[in-house]
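*Asks:* Structure below; questions to follow.
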Amino acid sequence: MPMDQHRHKGQRNKLIRTLIQKGVRDEEVLKAIYKVPRHVFMDSSFEDFAYQDKAFPIAAGQTISQPYTVAFQTMLLEVKKGMKVLEIGTGSGYQAAVLCELGVKLFSIERQKELFDQTRILLRKLKYPAHLKFGDGFAGIPAYAPFDRIIVTCGAPNIPASLLEQLKPGGRMVIPVGQDVQQMKLVTKSADGQIKEGDHGDFRFVPMLRNRNA
Ligand code: SAH
């Protein structure tokens, strides 16, 4: 595993400036992104590009999300230390690491076995205490529900009813919904269970797929 060197910290500083220019103002989110060595979550052939604000290919034909997208979704999620958070689409584990830096109790589901195995080893090595599950994100994790927050990091066809059910009253879910282009939706559940939805712009994600390793 490539080490986190001085030059990587310098590159992350630049990335933070780019994110601020793009409108990210949440200090806690910026600090978390500064701490996570993104280059370690990518194939070594992309190491030199790791701190560009771009998505890159990872194993199993998937992508590591763009830092701006990670920052934006994390801001919308409004997590606080100790909250129970469910992520759908562990992928490289980068978004998971950013959430762990914010002190949440993270559960994350991945449906690609290759990625699941690889990322489990990596997050352990880096001592990020995420609970990873191999399976279908559409099902959520009923045994650990309800969650204070739910974040979906693949393009969903709709807002899955099972995930809405597993959201705590007073909770927030951030989920990109759509086919080729996704609208970033913030879904809130009030204390009495009422659901509200807001749109937060267009993004592009790999699709949220139903069957495991299909
Ligand atoms: N959060 C990741 C983003 C990876 S891309 C990161 O920071 O790198 C989205 C991931 O969602 C892919 O790894 C893909 O395999 C996964 N995915 C797609 N459909 C899924 C489903 N139904 N359940 C769980 N994971 C899914």
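Simple scheme: letters A, B, ... for chains in structure tokens order, numbers from 1 for residues in each chain, numbers from 1 for ligands in the order shown.
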For ligand 1, return the neighbouring residues as a short mmCIF file (atom, residue, chain, number, x, y, z; two decimals) with C-alpha atoms, in the first residue's frame (distance at most 8 Å; only C-alpha atoms and all ligand atoms).
*Replies:*
data_model
loop_
_atom_site.label_atom_id
_atom_site.label_comp_id
_atom_site.auth_asym_id
_atom_site.auth_seq_id
_atom_site.Cartn_x
_atom_site.Cartn_y
_atom_site.Cartn_z
CA PHE A 41 -8.29 3.94 -2.34
CA ILE A 58 -11.89 1.07 -9.60
CA ALA A 60 -15.42 -4.47 -11.11
CA GLN A 62 -17.16 0.76 -10.82
CA THR A 63 -15.88 4.23 -9.91
CA ILE A 64 -14.55 6.09 -6.89
CA SER A 65 -16.77 9.15 -6.50
CA VAL A 70 -18.42 13.11 -1.70
CA GLU A 87 -24.22 3.70 3.08
CA ILE A 88 -25.31 1.85 -0.07
CA GLY A 89 -22.39 1.21 -2.46
CA THR A 90 -19.15 0.85 -0.46
CA GLY A 91 -17.09 0.76 -3.68
CA SER A 92 -13.54 1.87 -2.96
CA GLY A 93 -14.41 2.76 0.65
CA TYR A 94 -13.47 6.41 0.17
CA GLN A 95 -16.85 7.89 1.12
CA ALA A 96 -16.99 5.41 4.00
CA ILE A 109 -23.32 -2.47 1.72
CA GLU A 110 -21.59 -3.53 -1.52
CA ARG A 111 -22.91 -6.00 -4.10
CA GLN A 112 -19.65 -6.66 -6.01
CA LEU A 115 -14.78 -4.82 -4.29
CA PHE A 134 -21.88 -8.04 1.13
CA GLY A 135 -25.36 -7.95 -0.35
CA ASP A 136 -28.10 -5.98 -2.01
CA GLY A 137 -28.50 -2.38 -0.93
CA PHE A 138 -32.19 -2.41 -1.87
CA VAL A 152 -26.78 6.06 -1.45
CA THR A 153 -23.70 6.37 -3.69
CA CYS A 154 -25.07 4.71 -6.85
CA GLY A 155 -27.80 5.97 -9.19
CA PHE A 205 -23.28 7.76 -10.77
CA VAL A 206 -22.88 4.11 -11.74
CA PRO A 207 -26.30 2.45 -11.51
CA MET A 208 -27.80 0.86 -8.40
CA LEU A 209 -28.43 -2.69 -9.59
CA ARG A 210 -30.73 -5.30 -8.18
CA ASN A 211 -29.16 -8.72 -8.38
CA ARG A 212 -25.91 -9.54 -6.68
#
*Asks:* Report the residues of chain A whose backbone DSSP state falls under helix (DSSP H, G or I), written as a PDB file with N, CA and C atoms, in the first residue's frame.
*Replies:*
ATOM      1  N   HIS A   6       4.399  13.409   2.420  1.00  0.00           N
ATOM      2  CA  HIS A   6       4.283  14.854   2.505  1.00  0.00           C
ATOM      3  C   HIS A   6       3.611  15.430   1.253  1.00  0.00           C
ATOM      4  N   ARG A   7       4.045  14.924   0.077  1.00  0.00           N
ATOM      5  CA  ARG A   7       3.494  15.497  -1.158  1.00  0.00           C
ATOM      6  C   ARG A   7       1.986  15.232  -1.277  1.00  0.00           C
ATOM      7  N   HIS A   8       1.529  14.100  -0.717  1.00  0.00           N
ATOM      8  CA  HIS A   8       0.092  13.821  -0.771  1.00  0.00           C
ATOM      9  C   HIS A   8      -0.678  14.860   0.047  1.00  0.00           C
ATOM     10  N   LYS A   9      -0.101  15.240   1.195  1.00  0.00           N
ATOM     11  CA  LYS A   9      -0.766  16.245   2.043  1.00  0.00           C
ATOM     12  C   LYS A   9      -0.849  17.568   1.298  1.00  0.00           C
ATOM     13  N   GLY A  10       0.229  17.903   0.586  1.00  0.00           N
ATOM     14  CA  GLY A  10       0.232  19.121  -0.220  1.00  0.00           C
ATOM     15  C   GLY A  10      -0.845  19.074  -1.291  1.00  0.00           C
ATOM     16  N   GLN A  11      -0.959  17.912  -1.939  1.00  0.00           N
ATOM     17  CA  GLN A  11      -1.980  17.757  -2.987  1.00  0.00           C
ATOM     18  C   GLN A  11      -3.387  17.844  -2.391  1.00  0.00           C
ATOM     19  N   ARG A  12      -3.539  17.324  -1.161  1.00  0.00           N
ATOM     20  CA  ARG A  12      -4.863  17.395  -0.525  1.00  0.00           C
ATOM     21  C   ARG A  12      -5.217  18.836  -0.159  1.00  0.00           C
ATOM     22  N   ASN A  13      -4.202  19.599   0.252  1.00  0.00           N
ATOM     23  CA  ASN A  13      -4.436  21.016   0.520  1.00  0.00           C
ATOM     24  C   ASN A  13      -4.997  21.723  -0.690  1.00  0.00           C
ATOM     25  N   LYS A  14      -4.414  21.414  -1.846  1.00  0.00           N
ATOM     26  CA  LYS A  14      -4.888  22.007  -3.107  1.00  0.00           C
ATOM     27  C   LYS A  14      -6.316  21.587  -3.396  1.00  0.00           C
ATOM     28  N   LEU A  15      -6.587  20.293  -3.166  1.00  0.00           N
ATOM     29  CA  LEU A  15      -7.938  19.768  -3.399  1.00  0.00           C
ATOM     30  C   LEU A  15      -8.948  20.512  -2.519  1.00  0.00           C
ATOM     31  N   ILE A  16      -8.561  20.753  -1.257  1.00  0.00           N
ATOM     32  CA  ILE A  16      -9.457  21.460  -0.335  1.00  0.00           C
ATOM     33  C   ILE A  16      -9.750  22.864  -0.875  1.00  0.00           C
ATOM     34  N   ARG A  17      -8.708  23.524  -1.410  1.00  0.00           N
ATOM     35  CA  ARG A  17      -8.937  24.870  -1.981  1.00  0.00           C
ATOM     36  C   ARG A  17      -9.908  24.805  -3.156  1.00  0.00           C
ATOM     37  N   THR A  18      -9.744  23.771  -3.997  1.00  0.00           N
ATOM     38  CA  THR A  18     -10.655  23.592  -5.133  1.00  0.00           C
ATOM     39  C   THR A  18     -12.092  23.403  -4.640  1.00  0.00           C
ATOM     40  N   LEU A  19     -12.259  22.583  -3.614  1.00  0.00           N
ATOM     41  CA  LEU A  19     -13.608  22.312  -3.101  1.00  0.00           C
ATOM     42  C   LEU A  19     -14.228  23.585  -2.522  1.00  0.00           C
ATOM     43  N   ILE A  20     -13.420  24.401  -1.847  1.00  0.00           N
ATOM     44  CA  ILE A  20     -13.923  25.665  -1.292  1.00  0.00           C
ATOM     45  C   ILE A  20     -14.375  26.569  -2.431  1.00  0.00           C
ATOM     46  N   GLN A  21     -13.554  26.620  -3.509  1.00  0.00           N
ATOM     47  CA  GLN A  21     -13.935  27.434  -4.675  1.00  0.00           C
ATOM     48  C   GLN A  21     -15.248  26.968  -5.279  1.00  0.00           C
ATOM     49  N   GLU A  27     -16.704  23.186   7.400  1.00  0.00           N
ATOM     50  CA  GLU A  27     -15.355  22.963   7.940  1.00  0.00           C
ATOM     51  C   GLU A  27     -15.104  21.510   8.311  1.00  0.00           C
ATOM     52  N   GLU A  28     -16.096  20.895   8.942  1.00  0.00           N
ATOM     53  CA  GLU A  28     -15.914  19.510   9.404  1.00  0.00           C
ATOM     54  C   GLU A  28     -15.719  18.568   8.220  1.00  0.00           C
ATOM     55  N   VAL A  29     -16.514  18.796   7.162  1.00  0.00           N
ATOM     56  CA  VAL A  29     -16.412  17.954   5.961  1.00  0.00           C
ATOM     57  C   VAL A  29     -15.050  18.169   5.297  1.00  0.00           C
ATOM     58  N   LEU A  30     -14.621  19.409   5.195  1.00  0.00           N
ATOM     59  CA  LEU A  30     -13.320  19.702   4.582  1.00  0.00           C
ATOM     60  C   LEU A  30     -12.185  19.063   5.382  1.00  0.00           C
ATOM     61  N   LYS A  31     -12.292  19.129   6.701  1.00  0.00           N
ATOM     62  CA  LYS A  31     -11.264  18.517   7.555  1.00  0.00           C
ATOM     63  C   LYS A  31     -11.197  17.014   7.331  1.00  0.00           C
ATOM     64  N   ALA A  32     -12.363  16.386   7.245  1.00  0.00           N
ATOM     65  CA  ALA A  32     -12.407  14.928   7.048  1.00  0.00           C
ATOM     66  C   ALA A  32     -11.773  14.567   5.697  1.00  0.00           C
ATOM     67  N   ILE A  33     -12.085  15.346   4.668  1.00  0.00           N
ATOM     68  CA  ILE A  33     -11.518  15.068   3.342  1.00  0.00           C
ATOM     69  C   ILE A  33     -10.003  15.283   3.350  1.00  0.00           C
ATOM     70  N   TYR A  34      -9.565  16.263   4.121  1.00  0.00           N
ATOM     71  CA  TYR A  34      -8.118  16.512   4.240  1.00  0.00           C
ATOM     72  C   TYR A  34      -7.410  15.311   4.879  1.00  0.00           C
ATOM     73  N   LYS A  35      -8.102  14.658   5.799  1.00  0.00           N
ATOM     74  CA  LYS A  35      -7.461  13.555   6.531  1.00  0.00           C
ATOM     75  C   LYS A  35      -7.380  12.257   5.734  1.00  0.00           C
ATOM     76  N   ARG A  38      -6.780   9.697  -0.190  1.00  0.00           N
ATOM     77  CA  ARG A  38      -7.572   9.159  -1.306  1.00  0.00           C
ATOM     78  C   ARG A  38      -6.758   8.268  -2.236  1.00  0.00           C
ATOM     79  N   HIS A  39      -5.451   8.558  -2.382  1.00  0.00           N
ATOM     80  CA  HIS A  39      -4.644   7.771  -3.321  1.00  0.00           C
ATOM     81  C   HIS A  39      -4.584   6.291  -2.941  1.00  0.00           C
ATOM     82  N   VAL A  40      -4.759   6.007  -1.667  1.00  0.00           N
ATOM     83  CA  VAL A  40      -4.707   4.627  -1.198  1.00  0.00           C
ATOM     84  C   VAL A  40      -5.958   3.836  -1.622  1.00  0.00           C
ATOM     85  N   PHE A  41      -7.025   4.565  -1.954  1.00  0.00           N
ATOM     86  CA  PHE A  41      -8.294   3.939  -2.337  1.00  0.00           C
ATOM     87  C   PHE A  41      -8.380   3.679  -3.841  1.00  0.00           C
ATOM     88  N   SER A  44      -2.904   1.884  -8.139  1.00  0.00           N
ATOM     89  CA  SER A  44      -1.656   2.658  -8.049  1.00  0.00           C
ATOM     90  C   SER A  44      -1.334   3.391  -9.354  1.00  0.00           C
ATOM     91  N   SER A  45      -1.869   2.896 -10.486  1.00  0.00           N
ATOM     92  CA  SER A  45      -1.588   3.582 -11.751  1.00  0.00           C
ATOM     93  C   SER A  45      -2.265   4.958 -11.822  1.00  0.00           C
ATOM     94  N   PHE A  46      -3.221   5.197 -10.924  1.00  0.00           N
ATOM     95  CA  PHE A  46      -3.889   6.510 -10.909  1.00  0.00           C
ATOM     96  C   PHE A  46      -3.379   7.394  -9.778  1.00  0.00           C
ATOM     97  N   GLU A  47      -2.340   6.914  -9.067  1.00  0.00           N
ATOM     98  CA  GLU A  47      -1.913   7.608  -7.846  1.00  0.00           C
ATOM     99  C   GLU A  47      -1.638   9.097  -8.083  1.00  0.00           C
ATOM    100  N   ASP A  48      -1.023   9.378  -9.220  1.00  0.00           N
ATOM    101  CA  ASP A  48      -0.669  10.776  -9.496  1.00  0.00           C
ATOM    102  C   ASP A  48      -1.886  11.675  -9.686  1.00  0.00           C
ATOM    103  N   PHE A  49      -3.039  11.073  -9.977  1.00  0.00           N
ATOM    104  CA  PHE A  49      -4.246  11.867 -10.247  1.00  0.00           C
ATOM    105  C   PHE A  49      -5.212  11.873  -9.073  1.00  0.00           C
ATOM    106  N   ALA A  59     -12.071  -1.340  -9.250  1.00  0.00           N
ATOM    107  CA  ALA A  59     -12.327  -2.736  -9.673  1.00  0.00           C
ATOM    108  C   ALA A  59     -13.799  -2.930 -10.063  1.00  0.00           C
ATOM    109  N   ALA A  60     -14.057  -4.027 -10.770  1.00  0.00           N
ATOM    110  CA  ALA A  60     -15.416  -4.474 -11.113  1.00  0.00           C
ATOM    111  C   ALA A  60     -16.195  -3.447 -11.937  1.00  0.00           C
ATOM    112  N   GLY A  61     -15.487  -2.625 -12.709  1.00  0.00           N
ATOM    113  CA  GLY A  61     -16.153  -1.665 -13.595  1.00  0.00           C
ATOM    114  C   GLY A  61     -16.866  -0.538 -12.863  1.00  0.00           C
ATOM    115  N   PRO A  67     -14.339  13.814  -5.487  1.00  0.00           N
ATOM    116  CA  PRO A  67     -14.308  14.446  -4.157  1.00  0.00           C
ATOM    117  C   PRO A  67     -15.423  15.480  -3.951  1.00  0.00           C
ATOM    118  N   TYR A  68     -15.738  16.268  -4.987  1.00  0.00           N
ATOM    119  CA  TYR A  68     -16.815  17.257  -4.820  1.00  0.00           C
ATOM    120  C   TYR A  68     -18.134  16.566  -4.492  1.00  0.00           C
ATOM    121  N   THR A  69     -18.384  15.455  -5.167  1.00  0.00           N
ATOM    122  CA  THR A  69     -19.637  14.716  -4.938  1.00  0.00           C
ATOM    123  C   THR A  69     -19.664  14.160  -3.513  1.00  0.00           C
ATOM    124  N   VAL A  70     -18.519  13.629  -3.062  1.00  0.00           N
ATOM    125  CA  VAL A  70     -18.418  13.109  -1.700  1.00  0.00           C
ATOM    126  C   VAL A  70     -18.669  14.249  -0.696  1.00  0.00           C
ATOM    127  N   ALA A  71     -18.043  15.396  -0.948  1.00  0.00           N
ATOM    128  CA  ALA A  71     -18.228  16.555  -0.063  1.00  0.00           C
ATOM    129  C   ALA A  71     -19.690  16.996  -0.054  1.00  0.00           C
ATOM    130  N   PHE A  72     -20.294  17.066  -1.230  1.00  0.00           N
ATOM    131  CA  PHE A  72     -21.669  17.563  -1.365  1.00  0.00           C
ATOM    132  C   PHE A  72     -22.658  16.634  -0.663  1.00  0.00           C
ATOM    133  N   GLN A  73     -22.519  15.334  -0.914  1.00  0.00           N
ATOM    134  CA  GLN A  73     -23.438  14.378  -0.278  1.00  0.00           C
ATOM    135  C   GLN A  73     -23.248  14.389   1.238  1.00  0.00           C
ATOM    136  N   THR A  74     -21.988  14.495   1.676  1.00  0.00           N
ATOM    137  CA  THR A  74     -21.711  14.477   3.113  1.00  0.00           C
ATOM    138  C   THR A  74     -22.278  15.733   3.779  1.00  0.00           C
ATOM    139  N   MET A  75     -22.195  16.870   3.079  1.00  0.00           N
ATOM    140  CA  MET A  75     -22.769  18.111   3.625  1.00  0.00           C
ATOM    141  C   MET A  75     -24.277  17.983   3.788  1.00  0.00           C
ATOM    142  N   LEU A  76     -24.923  17.486   2.724  1.00  0.00           N
ATOM    143  CA  LEU A  76     -26.388  17.349   2.759  1.00  0.00           C
ATOM    144  C   LEU A  76     -26.836  16.397   3.880  1.00  0.00           C
ATOM    145  N   LEU A  77     -25.990  15.421   4.155  1.00  0.00           N
ATOM    146  CA  LEU A  77     -26.344  14.394   5.131  1.00  0.00           C
ATOM    147  C   LEU A  77     -26.384  14.954   6.561  1.00  0.00           C
ATOM    148  N   TYR A  94     -13.898   5.029  -0.071  1.00  0.00           N
ATOM    149  CA  TYR A  94     -13.471   6.415   0.167  1.00  0.00           C
ATOM    150  C   TYR A  94     -14.540   7.225   0.924  1.00  0.00           C
ATOM    151  N   GLN A  95     -15.771   7.178   0.426  1.00  0.00           N
ATOM    152  CA  GLN A  95     -16.849   7.893   1.117  1.00  0.00           C
ATOM    153  C   GLN A  95     -17.019   7.339   2.541  1.00  0.00           C
ATOM    154  N   ALA A  96     -16.877   6.038   2.675  1.00  0.00           N
ATOM    155  CA  ALA A  96     -16.990   5.406   3.996  1.00  0.00           C
ATOM    156  C   ALA A  96     -15.923   5.970   4.945  1.00  0.00           C
ATOM    157  N   ALA A  97     -14.698   6.118   4.438  1.00  0.00           N
ATOM    158  CA  ALA A  97     -13.599   6.641   5.262  1.00  0.00           C
ATOM    159  C   ALA A  97     -13.899   8.072   5.705  1.00  0.00           C
ATOM    160  N   VAL A  98     -14.427   8.883   4.784  1.00  0.00           N
ATOM    161  CA  VAL A  98     -14.758  10.281   5.119  1.00  0.00           C
ATOM    162  C   VAL A  98     -15.814  10.299   6.230  1.00  0.00           C
ATOM    163  N   LEU A  99     -16.793   9.418   6.140  1.00  0.00           N
ATOM    164  CA  LEU A  99     -17.840   9.369   7.175  1.00  0.00           C
ATOM    165  C   LEU A  99     -17.258   8.885   8.515  1.00  0.00           C
ATOM    166  N   CYS A 100     -16.348   7.922   8.463  1.00  0.00           N
ATOM    167  CA  CYS A 100     -15.704   7.442   9.706  1.00  0.00           C
ATOM    168  C   CYS A 100     -14.905   8.567  10.364  1.00  0.00           C
ATOM    169  N   GLU A 101     -14.242   9.392   9.545  1.00  0.00           N
ATOM    170  CA  GLU A 101     -13.491  10.532  10.100  1.00  0.00           C
ATOM    171  C   GLU A 101     -14.423  11.482  10.856  1.00  0.00           C
ATOM    172  N   LYS A 113     -18.587  -8.662  -5.159  1.00  0.00           N
ATOM    173  CA  LYS A 113     -17.770  -9.414  -4.199  1.00  0.00           C
ATOM    174  C   LYS A 113     -16.308  -8.964  -4.216  1.00  0.00           C
ATOM    175  N   GLU A 114     -15.788  -8.755  -5.412  1.00  0.00           N
ATOM    176  CA  GLU A 114     -14.380  -8.381  -5.556  1.00  0.00           C
ATOM    177  C   GLU A 114     -14.077  -7.081  -4.788  1.00  0.00           C
ATOM    178  N   LEU A 115     -14.954  -6.109  -4.973  1.00  0.00           N
ATOM    179  CA  LEU A 115     -14.783  -4.822  -4.289  1.00  0.00           C
ATOM    180  C   LEU A 115     -14.983  -4.974  -2.786  1.00  0.00           C
ATOM    181  N   PHE A 116     -16.005  -5.723  -2.429  1.00  0.00           N
ATOM    182  CA  PHE A 116     -16.301  -5.945  -1.008  1.00  0.00           C
ATOM    183  C   PHE A 116     -15.062  -6.510  -0.299  1.00  0.00           C
ATOM    184  N   ASP A 117     -14.456  -7.562  -0.889  1.00  0.00           N
ATOM    185  CA  ASP A 117     -13.297  -8.217  -0.269  1.00  0.00           C
ATOM    186  C   ASP A 117     -12.111  -7.263  -0.165  1.00  0.00           C
ATOM    187  N   GLN A 118     -11.850  -6.588  -1.278  1.00  0.00           N
ATOM    188  CA  GLN A 118     -10.712  -5.679  -1.360  1.00  0.00           C
ATOM    189  C   GLN A 118     -10.844  -4.528  -0.357  1.00  0.00           C
ATOM    190  N   THR A 119     -12.039  -3.936  -0.314  1.00  0.00           N
ATOM    191  CA  THR A 119     -12.251  -2.748   0.508  1.00  0.00           C
ATOM    192  C   THR A 119     -12.283  -3.104   1.993  1.00  0.00           C
ATOM    193  N   ARG A 120     -12.770  -4.304   2.298  1.00  0.00           N
ATOM    194  CA  ARG A 120     -12.794  -4.718   3.693  1.00  0.00           C
ATOM    195  C   ARG A 120     -11.369  -4.770   4.255  1.00  0.00           C
ATOM    196  N   ILE A 121     -10.465  -5.324   3.446  1.00  0.00           N
ATOM    197  CA  ILE A 121      -9.063  -5.419   3.869  1.00  0.00           C
ATOM    198  C   ILE A 121      -8.460  -4.015   4.037  1.00  0.00           C
ATOM    199  N   LEU A 122      -8.736  -3.155   3.059  1.00  0.00           N
ATOM    200  CA  LEU A 122      -8.160  -1.807   3.083  1.00  0.00           C
ATOM    201  C   LEU A 122      -8.646  -1.000   4.297  1.00  0.00           C
ATOM    202  N   LEU A 123      -9.959  -0.997   4.533  1.00  0.00           N
ATOM    203  CA  LEU A 123     -10.496  -0.189   5.636  1.00  0.00           C
ATOM    204  C   LEU A 123      -9.967  -0.698   6.985  1.00  0.00           C
ATOM    205  N   ARG A 124      -9.793  -2.017   7.070  1.00  0.00           N
ATOM    206  CA  ARG A 124      -9.223  -2.589   8.292  1.00  0.00           C
ATOM    207  C   ARG A 124      -7.801  -2.105   8.511  1.00  0.00           C
ATOM    208  N   LYS A 125      -7.005  -2.164   7.427  1.00  0.00           N
ATOM    209  CA  LYS A 125      -5.613  -1.718   7.497  1.00  0.00           C
ATOM    210  C   LYS A 125      -5.530  -0.272   7.954  1.00  0.00           C
ATOM    211  N   GLY A 137     -28.134  -3.613  -1.619  1.00  0.00           N
ATOM    212  CA  GLY A 137     -28.502  -2.380  -0.929  1.00  0.00           C
ATOM    213  C   GLY A 137     -29.991  -2.095  -0.902  1.00  0.00           C
ATOM    214  N   PHE A 138     -30.733  -2.644  -1.862  1.00  0.00           N
ATOM    215  CA  PHE A 138     -32.189  -2.410  -1.873  1.00  0.00           C
ATOM    216  C   PHE A 138     -32.844  -2.956  -0.606  1.00  0.00           C
ATOM    217  N   ALA A 139     -32.181  -3.933   0.018  1.00  0.00           N
ATOM    218  CA  ALA A 139     -32.757  -4.544   1.220  1.00  0.00           C
ATOM    219  C   ALA A 139     -32.378  -3.779   2.482  1.00  0.00           C
ATOM    220  N   PRO A 142     -32.065  -4.573   7.881  1.00  0.00           N
ATOM    221  CA  PRO A 142     -33.158  -4.482   8.860  1.00  0.00           C
ATOM    222  C   PRO A 142     -32.688  -4.737  10.294  1.00  0.00           C
ATOM    223  N   ALA A 143     -31.705  -5.639  10.463  1.00  0.00           N
ATOM    224  CA  ALA A 143     -31.271  -6.011  11.812  1.00  0.00           C
ATOM    225  C   ALA A 143     -30.662  -4.827  12.572  1.00  0.00           C
ATOM    226  N   TYR A 144     -30.120  -3.851  11.858  1.00  0.00           N
ATOM    227  CA  TYR A 144     -29.493  -2.695  12.521  1.00  0.00           C
ATOM    228  C   TYR A 144     -30.311  -1.419  12.382  1.00  0.00           C
ATOM    229  N   ALA A 161     -38.472   1.658  -0.950  1.00  0.00           N
ATOM    230  CA  ALA A 161     -39.375   1.698   0.203  1.00  0.00           C
ATOM    231  C   ALA A 161     -38.700   1.108   1.444  1.00  0.00           C
ATOM    232  N   SER A 162     -37.880   0.080   1.232  1.00  0.00           N
ATOM    233  CA  SER A 162     -37.233  -0.575   2.378  1.00  0.00           C
ATOM    234  C   SER A 162     -36.283   0.392   3.086  1.00  0.00           C
ATOM    235  N   LEU A 163     -35.608   1.242   2.300  1.00  0.00           N
ATOM    236  CA  LEU A 163     -34.671   2.200   2.907  1.00  0.00           C
ATOM    237  C   LEU A 163     -35.428   3.296   3.650  1.00  0.00           C
ATOM    238  N   LEU A 164     -36.558   3.732   3.073  1.00  0.00           N
ATOM    239  CA  LEU A 164     -37.390   4.732   3.762  1.00  0.00           C
ATOM    240  C   LEU A 164     -37.866   4.187   5.105  1.00  0.00           C
ATOM    241  N   GLU A 165     -38.227   2.921   5.101  1.00  0.00           N
ATOM    242  CA  GLU A 165     -38.687   2.269   6.337  1.00  0.00           C
ATOM    243  C   GLU A 165     -37.586   2.234   7.384  1.00  0.00           C
TER     244      GLU A 165
END
*Asks:* Mind giving me the straight-line distance from atom CA of Thr188 of chain A to atom CA of Ala156 of chain A in Å, one decimal?
*Replies:*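 Atom CA of Ala156 of chain A lies at a distance of 16.9 Å from atom CA of Thr188 of chain A.
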*Asks:* From a backbone DSSP assignment, name each residue in chain A labelled strand (DSSP E or B), as an MDAnalysis selection string.
*Replies:* chainID A and resid 56:57 63:64 84:88 105:110 131:134 147:152 155:156 167:177 182:189 195:203 207
